[in-house]
file coords.txt (compact mmCIF, C-alpha atoms)
# COMPACT_ATOMS: atom_id res chain seq x y z
CA MET D 77 -54.63 -1.49 38.61
CA ILE D 78 -56.76 -3.97 36.67
CA SER D 79 -57.18 -3.47 32.92
CA SER D 80 -60.07 -4.76 30.84
CA GLN D 81 -58.66 -4.83 27.34
CA SER D 82 -55.42 -5.48 25.50
CA PRO D 83 -53.23 -2.37 25.03
CA GLN D 84 -52.67 -0.76 21.65
CA LEU D 85 -49.14 -1.39 20.39
CA ILE D 86 -48.01 0.79 17.51
CA GLY D 87 -45.09 0.08 15.23
CA GLU D 88 -44.03 -1.56 11.97
CA ALA D 89 -40.25 -1.86 12.39
CA PRO D 90 -38.98 -5.44 11.98
CA SER D 91 -37.29 -5.38 15.40
CA TRP D 92 -40.57 -4.31 17.06
CA LEU D 93 -42.66 -6.88 15.16
CA GLU D 94 -40.14 -9.55 16.12
CA ALA D 95 -40.66 -8.71 19.79
CA GLN D 96 -44.46 -8.92 19.35
CA GLU D 97 -44.15 -12.33 17.73
CA HIS D 98 -42.00 -13.46 20.66
CA VAL D 99 -44.75 -12.31 23.06
CA SER D 100 -47.41 -14.14 21.06
CA ARG D 101 -45.46 -17.39 21.23
CA LEU D 102 -44.65 -17.09 24.92
CA ALA D 103 -47.96 -15.76 26.26
CA PRO D 104 -49.95 -19.05 26.17
CA LEU D 105 -47.28 -20.84 28.24
CA ASP D 106 -48.04 -20.53 31.95
CA ARG D 107 -44.46 -19.71 32.95
CA PRO D 108 -42.74 -16.70 34.55
CA CYS D 109 -40.76 -14.49 32.20
CA LEU D 110 -38.62 -11.36 32.06
CA VAL D 111 -39.09 -8.24 29.94
CA ILE D 112 -35.87 -6.29 29.43
CA GLY D 113 -35.60 -2.84 27.89
CA GLU D 114 -34.43 0.72 28.33
CA ARG D 115 -36.71 3.19 30.10
CA GLY D 116 -39.67 4.20 27.99
CA THR D 117 -39.57 1.20 25.62
CA GLY D 118 -43.00 -0.12 26.65
CA LYS D 119 -42.19 -2.91 29.11
CA GLU D 120 -45.49 -2.48 30.97
CA LEU D 121 -47.47 -2.61 27.72
CA ILE D 122 -45.70 -5.85 26.84
CA GLY D 123 -46.59 -7.24 30.26
CA GLU D 124 -50.26 -6.40 29.64
CA ARG D 125 -50.14 -7.98 26.20
CA MET D 126 -48.60 -11.10 27.70
CA HIS D 127 -51.53 -11.29 30.13
CA PHE D 128 -54.30 -10.75 27.58
CA LEU D 129 -52.87 -13.31 25.17
CA SER D 130 -52.65 -15.92 27.93
CA ARG D 131 -55.23 -18.30 29.38
CA ARG D 132 -55.40 -15.95 32.36
CA TRP D 133 -56.85 -13.07 30.36
CA GLU D 134 -60.11 -13.07 32.32
CA GLY D 135 -58.23 -12.88 35.63
CA PRO D 136 -56.70 -9.78 37.22
CA PHE D 137 -53.63 -8.01 35.87
CA ILE D 138 -51.86 -6.37 38.81
CA LYS D 139 -48.87 -4.02 38.51
CA VAL D 140 -46.30 -3.19 41.19
CA ASN D 141 -43.35 -0.81 40.79
CA CYS D 142 -40.67 -2.29 43.05
CA ALA D 143 -38.54 0.85 42.86
CA ALA D 144 -41.28 3.07 44.30
CA LEU D 145 -41.40 1.36 47.71
CA SER D 146 -39.01 0.77 50.60
CA GLU D 147 -38.12 -2.79 51.58
CA ASP D 148 -40.79 -3.11 54.30
CA LEU D 149 -43.47 -1.40 52.22
CA LEU D 150 -42.69 -3.58 49.19
CA ASP D 151 -42.87 -6.69 51.38
CA SER D 152 -46.27 -5.59 52.68
CA GLU D 153 -47.45 -4.55 49.21
CA LEU D 154 -46.59 -7.89 47.66
CA PHE D 155 -47.41 -10.34 50.45
CA GLY D 156 -49.71 -8.37 52.75
CA HIS D 157 -49.36 -8.01 56.51
CA GLU D 158 -51.12 -9.00 59.70
CA ARG D 159 -52.47 -6.55 62.22
CA GLY D 160 -49.66 -5.37 64.50
CA ALA D 161 -46.90 -6.55 62.14
CA PHE D 162 -45.26 -3.12 62.45
CA THR D 163 -46.04 0.31 63.82
CA GLY D 164 -49.15 1.63 62.11
CA ALA D 165 -50.39 -1.79 60.97
CA THR D 166 -53.82 -1.48 62.60
CA GLU D 167 -55.57 -3.86 60.20
CA ARG D 168 -54.76 -6.93 58.12
CA ARG D 169 -53.74 -6.07 54.57
CA ILE D 170 -54.20 -8.33 51.54
CA GLY D 171 -51.10 -8.33 49.34
CA ARG D 172 -50.81 -8.19 45.58
CA PHE D 173 -50.06 -11.88 45.24
CA GLU D 174 -53.43 -12.67 46.81
CA LEU D 175 -55.20 -10.07 44.69
CA ALA D 176 -53.60 -11.45 41.51
CA ASP D 177 -54.73 -15.02 42.16
CA LYS D 178 -55.66 -16.74 38.86
CA GLY D 179 -54.15 -13.77 37.02
CA THR D 180 -50.82 -12.07 36.27
CA LEU D 181 -48.57 -9.99 38.52
CA PHE D 182 -46.30 -7.53 36.71
CA LEU D 183 -43.23 -6.62 38.79
CA ASP D 184 -41.57 -3.53 37.33
CA GLU D 185 -37.98 -2.62 38.24
CA ILE D 186 -37.45 -6.05 39.80
CA ALA D 187 -33.70 -5.39 40.16
CA THR D 188 -34.40 -2.86 42.94
CA ALA D 189 -36.05 -5.43 45.25
CA SER D 190 -34.04 -6.19 48.39
CA MET D 191 -32.45 -9.59 49.03
CA GLN D 192 -35.06 -10.31 51.69
CA VAL D 193 -37.93 -9.61 49.27
CA GLN D 194 -36.14 -11.61 46.56
CA GLU D 195 -35.97 -14.60 48.90
CA LYS D 196 -39.74 -14.49 49.43
CA LEU D 197 -40.30 -14.01 45.69
CA LEU D 198 -38.19 -17.08 45.02
CA ARG D 199 -40.52 -19.26 47.10
CA VAL D 200 -43.77 -17.89 45.73
CA VAL D 201 -42.58 -18.15 42.11
CA GLU D 202 -41.38 -21.73 42.65
CA TYR D 203 -44.11 -23.13 44.89
CA GLY D 204 -46.91 -20.54 44.98
CA GLU D 205 -46.47 -20.24 48.76
CA PHE D 206 -45.90 -17.19 50.96
CA GLN D 207 -46.59 -15.69 54.36
CA ARG D 208 -47.96 -12.28 55.17
CA LEU D 209 -45.60 -9.93 56.97
CA GLY D 210 -45.96 -10.73 60.68
CA GLY D 211 -47.95 -13.88 59.95
CA GLU D 212 -47.23 -17.56 60.49
CA LYS D 213 -49.82 -19.19 58.24
CA VAL D 214 -48.55 -20.37 54.85
CA LEU D 215 -50.83 -19.13 52.08
CA THR D 216 -51.01 -20.32 48.48
CA THR D 217 -51.71 -18.43 45.27
CA ASP D 218 -51.89 -19.18 41.55
CA VAL D 219 -50.13 -16.28 39.86
CA ARG D 220 -48.04 -15.87 36.74
CA VAL D 221 -45.15 -13.47 37.36
CA VAL D 222 -43.92 -11.20 34.57
CA ALA D 223 -40.95 -9.15 35.77
CA ALA D 224 -39.30 -6.19 34.04
CA THR D 225 -36.06 -4.29 34.37
CA ASN D 226 -33.77 -1.96 32.46
CA VAL D 227 -30.53 -3.47 33.77
CA ASP D 228 -28.55 -6.59 32.91
CA LEU D 229 -29.64 -9.07 35.58
CA PRO D 230 -27.02 -11.78 34.82
CA SER D 231 -24.22 -9.31 35.57
CA ARG D 232 -26.05 -8.18 38.72
CA ALA D 233 -26.30 -11.81 39.80
CA ALA D 234 -22.58 -12.36 39.10
CA GLU D 235 -21.81 -9.36 41.33
CA GLY D 236 -24.00 -10.74 44.12
CA GLU D 237 -26.56 -7.94 43.79
CA PHE D 238 -29.37 -10.20 42.58
CA ARG D 239 -30.21 -13.76 43.57
CA ALA D 240 -29.03 -16.15 40.87
CA ASP D 241 -31.64 -18.75 41.87
CA LEU D 242 -34.46 -16.21 41.50
CA LEU D 243 -33.06 -15.17 38.13
CA ASP D 244 -33.10 -18.81 37.02
CA ARG D 245 -36.79 -19.12 37.93
CA LEU D 246 -37.86 -15.85 36.35
CA ALA D 247 -35.91 -16.35 33.13
CA PHE D 248 -37.91 -19.20 31.63
CA ASP D 249 -37.74 -16.89 28.63
CA VAL D 250 -36.62 -13.30 28.16
CA ILE D 251 -38.13 -10.68 25.87
CA THR D 252 -35.71 -7.87 25.08
CA LEU D 253 -37.33 -4.76 23.61
CA PRO D 254 -35.55 -2.66 20.98
CA PRO D 255 -34.90 1.00 21.79
CA LEU D 256 -36.72 3.55 19.66
CA ARG D 257 -33.52 4.45 17.78
CA ALA D 258 -33.46 0.86 16.44
CA ARG D 259 -37.06 1.04 15.18
CA SER D 260 -36.57 2.64 11.78
CA GLY D 261 -39.73 4.34 10.53
CA ASP D 262 -41.68 3.99 13.79
CA ILE D 263 -40.68 7.42 15.12
CA SER D 264 -42.80 9.40 12.65
CA LEU D 265 -45.64 6.90 13.01
CA LEU D 266 -45.67 7.20 16.80
CA ALA D 267 -45.22 10.99 16.77
CA ASP D 268 -48.20 11.31 14.43
CA PHE D 269 -50.32 9.10 16.69
CA PHE D 270 -49.45 11.03 19.86
CA ALA D 271 -49.91 14.41 18.18
CA ARG D 272 -53.35 13.49 16.86
CA ARG D 273 -54.35 12.38 20.34
CA MET D 274 -53.30 15.79 21.69
CA ALA D 275 -55.17 17.60 18.92
CA ARG D 276 -58.34 15.64 19.74
CA GLU D 277 -57.90 16.56 23.41
CA LEU D 278 -57.78 20.21 22.35
CA ALA D 279 -60.77 19.69 20.00
CA GLU D 280 -58.71 20.95 17.08
CA ASP D 281 -57.53 19.55 13.73
CA PHE D 282 -53.98 18.25 13.56
CA PRO D 283 -52.11 20.12 10.79
CA GLY D 284 -49.45 17.41 10.48
CA PHE D 285 -45.69 17.64 10.90
CA SER D 286 -43.49 19.33 8.34
CA PRO D 287 -40.94 17.14 6.54
CA SER D 288 -38.12 18.91 8.37
CA ALA D 289 -39.76 18.07 11.71
CA ILE D 290 -40.09 14.43 10.69
CA THR D 291 -36.45 14.29 9.60
CA ALA D 292 -35.28 15.88 12.86
CA MET D 293 -37.35 13.50 14.96
CA GLU D 294 -36.21 10.43 13.04
CA THR D 295 -32.53 11.34 13.52
CA HIS D 296 -32.74 12.19 17.23
CA ALA D 297 -31.43 9.53 19.65
CA TRP D 298 -34.46 9.66 22.05
CA PRO D 299 -32.71 8.37 25.21
CA GLY D 300 -36.14 8.29 26.90
CA ASN D 301 -37.51 6.26 23.99
CA VAL D 302 -41.27 6.22 23.30
CA ARG D 303 -42.17 8.05 26.51
CA GLU D 304 -39.85 10.93 25.62
CA LEU D 305 -41.11 11.03 22.03
CA ARG D 306 -44.73 11.09 23.23
CA ASN D 307 -44.08 14.04 25.52
CA PHE D 308 -42.20 15.94 22.81
CA ALA D 309 -44.75 15.31 20.04
CA GLN D 310 -47.65 16.35 22.25
CA ARG D 311 -45.72 19.34 23.62
CA ILE D 312 -44.96 20.89 20.24
CA THR D 313 -48.48 20.08 19.02
CA TYR D 314 -50.24 21.84 21.88
CA ARG D 315 -47.86 24.80 21.63
CA ALA D 316 -48.46 25.17 17.90
CA ILE D 317 -52.24 24.79 18.16
CA SER D 318 -52.52 27.13 21.15
CA GLU D 319 -50.60 29.76 19.15
CA GLY D 320 -53.12 29.43 16.33
CA GLN D 321 -50.76 27.80 13.82
CA THR D 322 -52.46 26.07 10.92
CA ASP D 323 -49.38 25.19 8.86
CA PRO D 324 -47.63 21.83 9.34
CA ILE D 325 -45.78 21.89 12.64
CA ARG D 326 -42.06 22.57 12.37
CA PHE D 327 -39.39 21.09 14.60
CA ASP D 328 -38.67 23.05 17.77
CA PRO D 329 -35.30 22.02 19.30
CA GLY D 330 -36.09 24.02 22.43
CA ALA D 331 -39.11 21.81 23.11
CA LEU D 332 -36.86 18.79 23.58
CA ASP D 333 -36.04 20.11 27.04
CA PRO D 334 -39.11 21.54 28.85
CA PHE D 335 -36.77 22.87 31.56
CA ALA D 336 -34.92 25.11 29.09
CA SER D 337 -35.08 28.71 30.30
CA PRO D 338 -32.63 31.57 30.91
CA TRP D 339 -34.04 31.65 34.46
CA ARG D 340 -33.57 27.97 35.18
CA PRO D 341 -32.15 27.42 38.72
CA ALA D 342 -28.51 26.47 38.94
CA ALA D 343 -27.73 22.77 38.95
CA HIS D 344 -27.25 21.17 42.36
CA LEU D 345 -23.63 20.21 42.95
CA SER D 346 -22.92 17.09 44.99
CA ALA D 347 -19.97 16.82 47.33
CA SER D 348 -18.05 14.91 44.65
CA SER D 349 -18.69 17.57 41.99
CA PRO D 350 -15.81 19.90 41.09
CA THR D 351 -16.01 23.23 42.89
CA LYS D 352 -16.49 26.26 40.69
CA GLN D 353 -14.67 29.48 41.45
CA ALA D 354 -16.88 31.94 43.31
CA PRO D 355 -17.67 35.26 41.61
CA GLU D 356 -15.94 38.42 42.75
CA PRO D 357 -17.68 40.16 45.69
CA GLY D 358 -20.29 42.59 44.46
CA SER D 359 -20.36 41.18 40.93
CA ASP D 360 -23.48 39.78 39.32
CA PRO D 361 -23.65 35.99 39.24
CA PRO D 362 -23.28 34.46 35.78
CA PRO D 363 -26.59 33.76 34.04
CA VAL D 364 -27.84 30.19 34.01
CA VAL D 365 -28.32 29.20 30.39
CA SER D 366 -30.08 25.93 29.67
CA GLN D 367 -29.17 24.36 26.36
CA PRO D 368 -31.72 22.25 24.53
CA ALA D 369 -30.94 18.59 24.28
CA PRO D 370 -28.64 18.07 21.25
CA LEU D 371 -29.70 16.10 18.20
CA SER D 372 -27.75 13.00 17.41
CA ASP D 373 -24.89 13.30 14.93
CA LEU D 374 -26.31 13.33 11.42
CA SER D 375 -24.85 12.00 8.23
CA PHE D 376 -24.08 14.45 5.45
CA ASP D 377 -27.17 13.40 3.50
CA ASP D 378 -29.38 13.82 6.58
CA GLN D 379 -27.96 17.29 7.24
CA VAL D 380 -28.65 18.34 3.65
CA HIS D 381 -32.16 16.90 3.83
CA LEU D 382 -32.89 18.68 7.10
CA LEU D 383 -31.54 22.01 5.81
CA GLU D 384 -33.47 21.86 2.52
CA THR D 385 -36.77 20.83 4.12
CA SER D 386 -36.39 23.54 6.77
CA LEU D 387 -35.92 26.18 4.08
CA ILE D 388 -38.91 24.85 2.14
CA ASP D 389 -41.08 24.88 5.27
CA GLN D 390 -40.11 28.46 6.07
CA ALA D 391 -40.78 29.63 2.52
CA LEU D 392 -44.18 27.93 2.34
CA ALA D 393 -45.15 29.25 5.77
CA ALA D 394 -44.18 32.81 4.78
CA THR D 395 -46.22 32.65 1.54
CA GLN D 396 -49.26 30.80 2.94
CA GLY D 397 -48.36 27.75 0.88
CA HIS D 398 -48.10 29.54 -2.49
CA GLN D 399 -45.44 27.58 -4.35
CA GLY D 400 -44.62 30.27 -6.91
CA ARG D 401 -43.94 32.93 -4.32
CA ALA D 402 -42.11 30.39 -2.14
CA ALA D 403 -39.81 29.62 -5.12
CA GLU D 404 -39.11 33.34 -5.58
CA ARG D 405 -38.41 33.72 -1.87
CA MET D 406 -35.79 30.96 -2.09
CA GLY D 407 -34.27 32.39 -5.29
CA LEU D 408 -35.33 29.38 -7.35
CA THR D 409 -37.32 28.90 -10.52
CA TYR D 410 -40.75 27.32 -10.12
CA HIS D 411 -39.51 24.09 -11.72
CA GLN D 412 -36.48 23.96 -9.40
CA PHE D 413 -38.77 24.42 -6.41
CA ARG D 414 -41.16 21.72 -7.64
CA GLY D 415 -38.15 19.43 -8.04
CA LEU D 416 -37.25 20.00 -4.39
CA LEU D 417 -40.83 19.25 -3.30
CA LYS D 418 -40.75 15.99 -5.24
CA LYS D 419 -37.29 15.11 -3.94
CA HIS D 420 -38.40 15.40 -0.31
CA GLY D 421 -41.79 13.78 -0.75
CA TYR D 422 -44.04 16.75 0.00
CA GLY D 423 -47.70 15.79 -0.20
CA LYS D 424 -47.01 12.06 0.22
CA GLY D 425 -47.99 10.26 3.41
CA ALA D 426 -48.85 11.21 6.95
CA GLY D 427 -47.25 14.34 8.33
CA LYS D 428 -46.12 15.81 4.99
CA ALA D 429 -47.06 19.34 4.00
CA LYS D 430 -50.25 18.43 2.15
CA SER D 431 -51.32 15.37 4.11
CA ASP D 432 -54.89 14.83 5.17
CA PRO D 433 -55.11 15.67 8.90
CA LYS D 434 -57.84 13.05 9.24
CA GLN D 435 -55.75 10.23 7.73
CA PRO D 436 -56.27 7.09 9.90
CA ILE D 437 -53.51 5.85 12.17
CA ARG D 438 -51.92 2.51 11.41
CA SER D 439 -51.55 0.38 14.49
CA LEU D 440 -50.97 -3.15 15.66

call {"tool": "encode", "arguments": {"input": "coords.txt", "output": "structure tokens"}}
result
Amino acid sequence: MISSQSPQLIGEAPSWLEAQEHVSRLAPLDRPCLVIGERGTGKELIGERMHFLSRRWEGPFIKVNCAALSEDLLDSELFGHERGAFTGATERRIGRFELADKGTLFLDEIATASMQVQEKLLRVVEYGEFQRLGGEKVLTTDVRVVAATNVDLPSRAAEGEFRADLLDRLAFDVITLPPLRARSGDISLLADFFARRMARELAEDFPGFSPSAITAMETHAWPGNVRELRNFAQRITYRAISEGQTDPIRFDPGALDPFASPWRPAAHLSASSPTKQAPEPGSDPPPVVSQPAPLSDLSFDDQVHLLETSLIDQALAATQGHQGRAAERMGLTYHQFRGLLKKHGYGKGAGKAKSDPKQPIRSL
């Protein structure tokens, strides 16, 4: 729960660097703030960075996921409880606000907190005062609150689903994180970083990603953002290494969905779901076919680039990297093939066909 060093934040896209600059300006001010972003965009990492760039960096950094606990449990987790406050409360419990004294409390998924918990948060954010569940004594704490959510809180407040006065107190300033699809160039950088980490875990060299794999990853929408990309990059890396592949890793659309299988259980249908016609008695049920997650719509140039790099990768893999034989396999002259390699940047930069697997990672 308590970290000892600032997290590593990787990225060079202008939108990402802009967000980091915003954090750097806001961190020294001892005020509550909100971090907004889609799932997997790194809200918790930003909260940690906010703490370690603040004057509270030597104090505790405590994290609480508000969505993971029921109303009573969240109340007890945040503010503590007295013995006998509820069934099973056999001892006094110190809450997170007490534990985070002189430090930072990161409240993830703040929009899921109940109105009752929001009311208590309002008081502790404003005055630093609270009471344990089942207690009468008013306690004080010195905590900076950094809250995070993936929903639009002003609209929730307008609908009466979030306290407007609490929103006013939390929103001294708001950091909105860009989704991965808006961070041009960072996808290949992050995928390379995560894949190298997996290769080190397997005590193997990372062969790099093929240009077609990089193109496919950079044009995918990544609805799960960095978390989804990390899982995918590490998944295809461990699969390739465990199969003994030494060539640059090619894109595997099937690996986008780890649940993909012809034997995947049928999807659960809710009461509101349309009813499907039952099969004829005695007939075999239709097979359950899981389709891999689709790539985002590509432009014509991207489709041509992906097709050409895929063909190059296949030819090089089939000829153990021999360019002359690869050219023959594709029905091209050697000079035509070399022109394609130059066109698509083979041998230049991390992840290309001839990149150094030990090339250092750039990070911020």

call {"tool": "closest_residue", "arguments": {"input": "coords.txt", "among": "D:Val201, D:Phe269, D:Pro324, D:His157", "to": "Ala309 of chain D", "atoms": "all atoms listed in the file"}}
result
D:Phe269

call {"tool": "closest_residue", "arguments": {"input": "coords.txt", "among": "D:Ala233, D:Leu242, D:Leu129, D:Ala89", "to": "Pro104 of chain D", "atoms": "all atoms listed in the file"}}
result
D:Leu129

call {"tool": "residues_around", "arguments": {"input": "coords.txt", "residues": "Val227 of chain D", "least_positions_apart": "6", "cutoff": "12 Å", "atoms": "all atoms listed in the file", "output": "PyMOL selection string"}}
result
chain D and resi 110-115+184-188+233+237-238+252

call {"tool": "closest_residue", "arguments": {"input": "coords.txt", "among": "D:Arg315, D:Arg208, D:Lys119, D:Arg306", "to": "Val99 of chain D", "atoms": "only C-alpha atoms"}}
result
D:Lys119

call {"tool": "residues_around", "arguments": {"input": "coords.txt", "residues": "Arg220 of chain D", "least_positions_apart": "5", "cutoff": "10 Å", "atoms": "only C-alpha atoms", "output": "list in words"}}
result
Leu105, Asp106, Arg107, Pro108, Cys109, His127, Ser130, Arg132, Phe137, Phe173, Ala176, Asp177, Lys178, Gly179, Thr180, Leu181, Phe182, Val201 and Gly204 of chain D

call {"tool": "write_last_selection", "arguments": {"input": "coords.txt", "atoms": "C-alpha atoms", "output": "tab-separated table (two decimals), in the coordinates of the input"}}
result
chain	number	residue	atom	x	y	z
D	105	LEU	CA	-47.28	-20.84	28.24
D	106	ASP	CA	-48.04	-20.53	31.95
D	107	ARG	CA	-44.46	-19.71	32.95
D	108	PRO	CA	-42.74	-16.70	34.55
D	109	CYS	CA	-40.76	-14.49	32.20
D	127	HIS	CA	-51.53	-11.29	30.13
D	130	SER	CA	-52.65	-15.92	27.93
D	132	ARG	CA	-55.40	-15.95	32.36
D	137	PHE	CA	-53.63	-8.01	35.87
D	173	PHE	CA	-50.06	-11.88	45.24
D	176	ALA	CA	-53.60	-11.45	41.51
D	177	ASP	CA	-54.73	-15.02	42.16
D	178	LYS	CA	-55.66	-16.74	38.86
D	179	GLY	CA	-54.15	-13.77	37.02
D	180	THR	CA	-50.82	-12.07	36.27
D	181	LEU	CA	-48.57	-9.99	38.52
D	182	PHE	CA	-46.30	-7.53	36.71
D	201	VAL	CA	-42.58	-18.15	42.11
D	204	GLY	CA	-46.91	-20.54	44.98

call {"tool": "atom_distance", "arguments": {"input": "coords.txt", "atom1": "atom CA of Ile263 of chain D", "atom2": "atom CA of Ser386 of chain D"}}
result
18.7 Å

call {"tool": "atom_distance", "arguments": {"input": "coords.txt", "atom1": "atom CA of Ala95 of chain D", "atom2": "atom CA of Val200 of chain D"}}
result
27.7 Å

call {"tool": "closest_residue", "arguments": {"input": "coords.txt", "among": "D:Gly261, D:Pro230, D:Gly211, D:Pro255", "to": "Leu243 of chain D", "atoms": "all atoms listed in the file"}}
result
D:Pro230

call {"tool": "atom_distance", "arguments": {"input": "coords.txt", "atom1": "atom CA of Trp92 of chain D", "atom2": "atom CA of Ser264 of chain D"}}
result
14.6 Å

call {"tool": "closest_residue", "arguments": {"input": "coords.txt", "among": "D:Glu153, D:Asp262, D:Asp244, D:Glu174", "to": "Leu209 of chain D", "atoms": "all atoms listed in the file"}}
result
D:Glu153

call {"tool": "residues_around", "arguments": {"input": "coords.txt", "residues": "Asp377 of chain D", "least_positions_apart": "6", "cutoff": "12 Å", "atoms": "only C-alpha atoms", "output": "ChimeraX atom specification"}}
result
/D:291,295,383-384

call {"tool": "residues_around", "arguments": {"input": "coords.txt", "residues": "Leu305 of chain D", "least_positions_apart": "2", "cutoff": "10 Å", "atoms": "only C-alpha atoms", "output": "list in words"}}
result
Gly116, Leu256, Ile263, Ser264, Leu266, Ala267, Phe270, Met293, His296, Trp298, Pro299, Gly300, Asn301, Val302, Arg303, Asn307, Phe308, Ala309, Gln310, Arg311 and Leu332 of chain D

call {"tool": "residues_near_point", "arguments": {"input": "coords.txt", "point": "(-42.9, 31.7, -2.2)", "cutoff": "12 Å", "atoms": "all atoms listed in the file", "output": "MDAnalysis selection string"}}
result
chainID D and resid 387:410 413:414

call {"tool": "residues_around", "arguments": {"input": "coords.txt", "residues": "Glu158 of chain D", "least_positions_apart": "6", "cutoff": "10 Å", "atoms": "all atoms listed in the file", "output": "ChimeraX atom specification"}}
result
/D:152,165-170,207-212

call {"tool": "write_last_selection", "arguments": {"input": "coords.txt", "atoms": "C-alpha atoms", "output": "PDB file, in the frame of the given file"}}
result
ATOM      1  CA  SER D 152     -46.270  -5.590  52.680  1.00  0.00           C
ATOM      2  CA  ALA D 165     -50.390  -1.790  60.970  1.00  0.00           C
ATOM      3  CA  THR D 166     -53.820  -1.480  62.600  1.00  0.00           C
ATOM      4  CA  GLU D 167     -55.570  -3.860  60.200  1.00  0.00           C
ATOM      5  CA  ARG D 168     -54.760  -6.930  58.120  1.00  0.00           C
ATOM      6  CA  ARG D 169     -53.740  -6.070  54.570  1.00  0.00           C
ATOM      7  CA  ILE D 170     -54.200  -8.330  51.540  1.00  0.00           C
ATOM      8  CA  GLN D 207     -46.590 -15.690  54.360  1.00  0.00           C
ATOM      9  CA  ARG D 208     -47.960 -12.280  55.170  1.00  0.00           C
ATOM     10  CA  LEU D 209     -45.600  -9.930  56.970  1.00  0.00           C
ATOM     11  CA  GLY D 210     -45.960 -10.730  60.680  1.00  0.00           C
ATOM     12  CA  GLY D 211     -47.950 -13.880  59.950  1.00  0.00           C
ATOM     13  CA  GLU D 212     -47.230 -17.560  60.490  1.00  0.00           C
TER      14      GLU D 212
END

call {"tool": "closest_residue", "arguments": {"input": "coords.txt", "among": "D:Asp218, D:Asp268, D:Leu198, D:Gln379", "to": "Asp241 of chain D", "atoms": "all atoms listed in the file"}}
result
D:Leu198

call {"tool": "build_atoms", "arguments": {"input": "coords.txt", "residues": "segment 383-395 of chain D", "atoms": "N, CA and C atoms", "output": "compact mmCIF listing (two decimals), in the coordinates of the input"}}
result
# COMPACT_ATOMS: atom_id res chain seq x y z
N LEU D 383 -31.69 20.61 6.19
CA LEU D 383 -31.54 22.01 5.81
C LEU D 383 -32.52 22.38 4.70
N GLU D 384 -32.59 21.54 3.65
CA GLU D 384 -33.47 21.86 2.52
C GLU D 384 -34.93 21.86 2.93
N THR D 385 -35.36 20.87 3.71
CA THR D 385 -36.77 20.83 4.12
C THR D 385 -37.10 21.98 5.06
N SER D 386 -36.15 22.39 5.89
CA SER D 386 -36.39 23.54 6.77
C SER D 386 -36.60 24.80 5.96
N LEU D 387 -35.78 25.00 4.93
CA LEU D 387 -35.92 26.18 4.08
C LEU D 387 -37.24 26.16 3.32
N ILE D 388 -37.63 24.97 2.84
CA ILE D 388 -38.91 24.85 2.14
C ILE D 388 -40.06 25.18 3.08
N ASP D 389 -40.02 24.63 4.29
CA ASP D 389 -41.08 24.88 5.27
C ASP D 389 -41.22 26.37 5.56
N GLN D 390 -40.08 27.03 5.76
CA GLN D 390 -40.11 28.46 6.07
C GLN D 390 -40.69 29.26 4.91
N ALA D 391 -40.29 28.89 3.70
CA ALA D 391 -40.78 29.63 2.52
C ALA D 391 -42.28 29.42 2.33
N LEU D 392 -42.74 28.21 2.48
CA LEU D 392 -44.18 27.93 2.34
C LEU D 392 -44.99 28.60 3.43
N ALA D 393 -44.44 28.61 4.66
CA ALA D 393 -45.15 29.25 5.77
C ALA D 393 -45.26 30.75 5.54
N ALA D 394 -44.19 31.36 4.99
CA ALA D 394 -44.18 32.81 4.78
C ALA D 394 -45.08 33.23 3.62
N THR D 395 -45.40 32.31 2.71
CA THR D 395 -46.22 32.65 1.54
C THR D 395 -47.57 31.95 1.57
